[in-house]
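**Student:** Take a look at this one; I'll ask things after.
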Amino acid sequence: MKKYVFAAAATLALAASSIAQAGPEAEVLHWWTSGGEAKSVAVLQQEFSANGGTWTDMPVAGGGGDAAMTALRARVLSGNAPTAVQLKGPAIQEWYEEGVLADISKVAEAEGWDKVLPASIAAHMKCEGQWCAAPVNVHRVDWLWANAEILSANGIEMPTSWDEFNAAAEKLQAAGVIPLAHGGQAWQDATVFEVVALGLLGAEDFHKAFVELDPTTLGSDKMVAVFDQMRRMRGYVDSNFPGRDWNLATSMVMNGEAAFQIMGDWAKGEFMAAGKVPGEDFLCASAPGAGFLYNVDSFAMFDVDGADKQDGQALLAKLIVGQNFQKVFNLNKGSIPARVDVAMDEFDSCAHLSASEMTASSEEGSLLPSYAHGMAMRGAQSGAITDVVTAHFNSDMSSAEAVKMLTQAVANSL
Ligand code: BGC
């Protein structure tokens, strides 16, 4: 009995002390759990704590965020939304329409976000004119990563066309090297697919297919060619690929088990966290084809009661778009800052390539939202496309059948 009395007294004392220490607090749901990702989110956690905030971490493992989004839905449905959530693209608008997002315009206006963010990024962060999310970075998706030593040992240059890629992959295969490190998870299949699609369709048709959802382009012969190339890609991965996490695929390139990986530049975060040097240990190049697939990570604040939580949301939003945070975070994450006024001199050659090609593609009209990473369309449509992509990749379905399924699946999802 006595034990319980003591326990109750201890709980009360604890409660009293936390009331006394009350200040900004945030429960943050995110899916940054790999080595490079964890190092990056720690930067935010540290800045938040250094500014008097109390951070409750809610990491949900699973690259691409599918598991995190399922966890989020369960929390919101049970009336217990986290304070801040890693959310992006049209999903921000979808949650806004459900009436559960907080308005962070006060912070955005006080901090002058409109002056330091490109209009295209700001547009994703606004819901009916009010600010409903804060951007962290710009990730590029259409990258080719390679193990430098394997390429030079096999007399291979970074491919600049898909034909060159295929020739390199076949040469590597003949030499007993796994050409492509890949993890068989739907979002990774979708990532490779959209990169191949950008390369083979070109920017204009990519836009028609994956932004406008134009049935003619989705059902075109060019799309058949995209699936043909996906079938070849399937032949370049090792037999242990099903279910493999993306960061383990990156490790295969790092360790010399595989030559290439097609993945967004969060993969660079892994290389860097392991002390690898771009241009020496690993190579980066934009995947064959012109254009730039962008993926902007951001945080949305959910409507919550309590001054401490609301203060936490305001503090977090302010820090996220802060100049120093955008530099340090992105140095770790592999991405580039969303703000236009962050000095780039500490960034590596891959980041510089990303920044210059982003500007160039914006001028040429080939700066495009990533469909595989939730930037181009709503969840129902992207889910329908990914189902077809992954069903094709993991079976012997013909390209013609896949294209037929694709047009039907998109039409049914609208
Ligand atoms: C996110 C990245 C993340 C990656 C792998 C992407 O969708 O934008 O921040 O590192 O998924 O989890």
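Naming scheme: A, B, ... for chains in displayed order of the structure tokens; residues 1 onward per chain; ligands 1 onward as shown.
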Which polymer residues have any atom within 12 Å of an atom of Trp55 of chain A, counting only C-alpha atoms, with same-chain residues fewer than 6 positions away left out, as a list in words?

**Tutor:**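 Those residues are Gly23, Pro24, Glu25, Ala26, Glu27, Val28, Leu29, Val41, Ala42, Leu44, Gln45, Gln46, Glu47, Phe48, Ser49, Pro82, Thr83, Ala84, Asp308, Lys309, Gly312, Gln313, Leu315 and Leu316 of chain A.
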
**Student:** Write out the residues from the selection above, keeping N, CA, C and O atoms, as an mmCIF file, in the first residue's frame.

**Tutor:**
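Done, and the output landed in again36.cif:
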```
data_model
loop_
_atom_site.group_PDB
_atom_site.id
_atom_site.type_symbol
_atom_site.label_atom_id
_atom_site.label_comp_id
_atom_site.auth_asym_id
_atom_site.auth_seq_id
_atom_site.Cartn_x
_atom_site.Cartn_y
_atom_site.Cartn_z
ATOM 1 N N GLY A 23 6.873 25.451 -21.026
ATOM 2 C CA GLY A 23 7.408 26.333 -22.064
ATOM 3 C C GLY A 23 7.015 25.721 -23.380
ATOM 4 O O GLY A 23 6.205 24.789 -23.404
ATOM 5 N N PRO A 24 7.570 26.206 -24.480
ATOM 6 C CA PRO A 24 7.192 25.658 -25.781
ATOM 7 C C PRO A 24 7.432 24.147 -25.841
ATOM 8 O O PRO A 24 8.488 23.687 -25.416
ATOM 9 N N GLU A 25 6.458 23.426 -26.306
ATOM 10 C CA GLU A 25 6.676 21.990 -26.464
ATOM 11 C C GLU A 25 6.128 21.518 -27.804
ATOM 12 O O GLU A 25 5.219 22.135 -28.357
ATOM 13 N N ALA A 26 6.703 20.444 -28.279
ATOM 14 C CA ALA A 26 6.233 19.910 -29.567
ATOM 15 C C ALA A 26 6.424 18.410 -29.615
ATOM 16 O O ALA A 26 7.459 17.892 -29.199
ATOM 17 N N GLU A 27 5.391 17.749 -30.088
ATOM 18 C CA GLU A 27 5.540 16.332 -30.411
ATOM 19 C C GLU A 27 5.658 16.277 -31.925
ATOM 20 O O GLU A 27 4.763 16.736 -32.648
ATOM 21 N N VAL A 28 6.756 15.744 -32.402
ATOM 22 C CA VAL A 28 7.063 15.859 -33.827
ATOM 23 C C VAL A 28 7.043 14.483 -34.510
ATOM 24 O O VAL A 28 7.853 13.615 -34.199
ATOM 25 N N LEU A 29 6.120 14.325 -35.419
ATOM 26 C CA LEU A 29 6.022 13.065 -36.174
ATOM 27 C C LEU A 29 6.826 13.195 -37.466
ATOM 28 O O LEU A 29 6.603 14.122 -38.243
ATOM 29 N N VAL A 41 17.672 15.435 -38.448
ATOM 30 C CA VAL A 41 16.563 15.867 -37.587
ATOM 31 C C VAL A 41 17.092 16.250 -36.198
ATOM 32 O O VAL A 41 16.526 17.111 -35.527
ATOM 33 N N ALA A 42 18.231 15.672 -35.816
ATOM 34 C CA ALA A 42 18.825 16.037 -34.522
ATOM 35 C C ALA A 42 19.187 17.521 -34.491
ATOM 36 O O ALA A 42 19.155 18.164 -33.439
ATOM 37 N N LEU A 44 17.475 19.946 -35.732
ATOM 38 C CA LEU A 44 16.265 20.690 -35.386
ATOM 39 C C LEU A 44 15.938 20.510 -33.905
ATOM 40 O O LEU A 44 15.600 21.465 -33.200
ATOM 41 N N GLN A 45 16.065 19.274 -33.475
ATOM 42 C CA GLN A 45 15.789 18.964 -32.070
ATOM 43 C C GLN A 45 16.700 19.788 -31.156
ATOM 44 O O GLN A 45 16.248 20.362 -30.170
ATOM 45 N N GLN A 46 17.990 19.869 -31.527
ATOM 46 C CA GLN A 46 18.938 20.628 -30.700
ATOM 47 C C GLN A 46 18.606 22.116 -30.699
ATOM 48 O O GLN A 46 18.620 22.757 -29.659
ATOM 49 N N GLU A 47 18.280 22.659 -31.869
ATOM 50 C CA GLU A 47 17.952 24.099 -31.926
ATOM 51 C C GLU A 47 16.701 24.377 -31.109
ATOM 52 O O GLU A 47 16.599 25.392 -30.429
ATOM 53 N N PHE A 48 15.737 23.467 -31.185
ATOM 54 C CA PHE A 48 14.484 23.634 -30.445
ATOM 55 C C PHE A 48 14.781 23.637 -28.941
ATOM 56 O O PHE A 48 14.309 24.518 -28.210
ATOM 57 N N SER A 49 15.579 22.703 -28.500
ATOM 58 C CA SER A 49 15.919 22.629 -27.066
ATOM 59 C C SER A 49 16.723 23.850 -26.648
ATOM 60 O O SER A 49 16.495 24.426 -25.590
ATOM 61 N N PRO A 82 -0.549 14.884 -33.452
ATOM 62 C CA PRO A 82 0.741 15.408 -32.970
ATOM 63 C C PRO A 82 0.797 16.904 -33.261
ATOM 64 O O PRO A 82 0.048 17.396 -34.115
ATOM 65 N N THR A 83 1.702 17.619 -32.586
ATOM 66 C CA THR A 83 1.755 19.070 -32.807
ATOM 67 C C THR A 83 2.325 19.427 -34.176
ATOM 68 O O THR A 83 1.834 20.320 -34.838
ATOM 69 N N ALA A 84 3.382 18.725 -34.567
ATOM 70 C CA ALA A 84 4.034 19.058 -35.839
ATOM 71 C C ALA A 84 4.278 17.780 -36.617
ATOM 72 O O ALA A 84 4.655 16.761 -36.037
ATOM 73 N N ASP A 308 1.330 26.053 -24.431
ATOM 74 C CA ASP A 308 2.690 25.501 -24.563
ATOM 75 C C ASP A 308 2.889 24.866 -25.936
ATOM 76 O O ASP A 308 3.933 25.021 -26.569
ATOM 77 N N LYS A 309 1.836 24.142 -26.356
ATOM 78 C CA LYS A 309 1.937 23.472 -27.658
ATOM 79 C C LYS A 309 1.924 24.501 -28.787
ATOM 80 O O LYS A 309 2.678 24.390 -29.760
ATOM 81 N N GLY A 312 5.135 26.110 -28.975
ATOM 82 C CA GLY A 312 6.069 25.152 -29.576
ATOM 83 C C GLY A 312 5.954 25.168 -31.090
ATOM 84 O O GLY A 312 6.965 25.141 -31.800
ATOM 85 N N GLN A 313 4.741 25.255 -31.587
ATOM 86 C CA GLN A 313 4.536 25.278 -33.047
ATOM 87 C C GLN A 313 5.145 26.534 -33.655
ATOM 88 O O GLN A 313 5.805 26.478 -34.693
ATOM 89 N N LEU A 315 7.562 28.383 -32.420
ATOM 90 C CA LEU A 315 9.022 28.324 -32.321
ATOM 91 C C LEU A 315 9.595 27.396 -33.402
ATOM 92 O O LEU A 315 10.557 27.742 -34.098
ATOM 93 N N LEU A 316 8.967 26.248 -33.538
ATOM 94 C CA LEU A 316 9.446 25.272 -34.517
ATOM 95 C C LEU A 316 9.390 25.845 -35.939
ATOM 96 O O LEU A 316 10.351 25.738 -36.707
#
```

**Student:** Based on DSSP run over this structure's backbone, return all residues of segment 69-254 of chain A in alpha helix (DSSP H), as a ChimeraX atom specification.

**Tutor:** /A:69-77,90-97,105-111,113-116,119-125,148-153,162-174,186-201,203-210,215-218,221-235,246-254

**Student:** Go through the chains and note each residue within 10 Å of ligand 1, using only C-alpha atoms and all ligand atoms, then give the set as a PyMOL selection string.

**Tutor:** chain A and resi 30-34+36-38+40-41+61-66+86-88+136-141+187-188+191+245-247+263-270+294-298+333-335+370+372-375

**Student:** Suppose we keep C-alpha atoms; can you now write the selection as a CSV table (one decimal), in the first residue's frame?

**Tutor:**
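result.csv written:
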```
chain,number,residue,atom,x,y,z
A,30,HIS,CA,8.6,12.3,-38.9
A,31,TRP,CA,10.1,9.4,-40.8
A,32,TRP,CA,13.8,10.4,-40.6
A,33,THR,CA,15.2,7.3,-39.1
A,34,SER,CA,18.2,6.3,-41.3
A,36,GLY,CA,21.9,10.5,-42.4
A,37,GLU,CA,18.2,11.4,-41.7
A,38,ALA,CA,18.6,11.0,-37.9
A,40,SER,CA,19.7,15.9,-39.8
A,41,VAL,CA,16.6,15.9,-37.6
A,61,ALA,CA,10.4,4.2,-39.7
A,62,GLY,CA,9.8,3.6,-43.3
A,63,GLY,CA,11.4,5.4,-46.2
A,64,GLY,CA,9.1,7.7,-48.3
A,65,GLY,CA,6.8,8.1,-45.3
A,66,ASP,CA,4.0,5.7,-46.1
A,86,GLN,CA,6.5,16.0,-41.7
A,87,LEU,CA,4.1,16.5,-44.5
A,88,LYS,CA,4.4,17.7,-48.1
A,136,VAL,CA,12.9,22.6,-44.8
A,137,ASN,CA,14.7,21.9,-48.1
A,138,VAL,CA,14.7,21.0,-51.7
A,139,HIS,CA,15.5,17.4,-52.4
A,140,ARG,CA,16.2,16.3,-56.0
A,141,VAL,CA,14.9,12.9,-56.9
A,187,TRP,CA,7.8,3.8,-53.2
A,188,GLN,CA,11.3,2.8,-54.3
A,191,THR,CA,11.1,6.5,-57.6
A,245,ASP,CA,15.3,-0.5,-47.2
A,246,TRP,CA,16.7,2.3,-49.4
A,247,ASN,CA,19.6,3.1,-47.0
A,263,MET,CA,17.5,7.6,-55.4
A,264,GLY,CA,16.8,11.2,-54.2
A,265,ASP,CA,19.7,13.0,-52.6
A,266,TRP,CA,18.8,11.8,-49.1
A,267,ALA,CA,21.1,9.0,-50.3
A,268,LYS,CA,23.9,11.6,-50.3
A,269,GLY,CA,23.1,12.1,-46.6
A,270,GLU,CA,23.9,8.5,-46.0
A,294,TYR,CA,11.9,18.3,-56.9
A,295,ASN,CA,10.7,17.1,-53.5
A,296,VAL,CA,10.3,19.7,-50.7
A,297,ASP,CA,10.2,18.4,-47.2
A,298,SER,CA,8.1,20.5,-44.9
A,333,LYS,CA,20.4,15.8,-45.3
A,334,GLY,CA,21.8,15.9,-48.8
A,335,SER,CA,19.3,18.4,-50.0
A,370,SER,CA,8.1,14.4,-57.9
A,372,ALA,CA,6.8,9.3,-56.2
A,373,HIS,CA,7.4,11.6,-53.3
A,374,GLY,CA,4.0,13.1,-53.1
A,375,MET,CA,4.6,16.5,-54.7
```

**Student:** Can you pull out the residues contacting Trp145 of chain A? Cut-off 10 Å, using only C-alpha atoms, and skip same-chain residues under 4 positions away; I want them as a ChimeraX atom specification.

**Tutor:** /A:158,180-181,250,253-254,259-265,267-268,271,278,282-287

**Student:** Which of these, A:Val277, A:Ala400, A:Ala307, A:Ala338, has the shortest distance to Asn147 of chain A once you count only C-alpha atoms?

**Tutor:**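 Once distances to Asn147 of chain A are computed over only C-alpha atoms, the minimum belongs to A:Val277.
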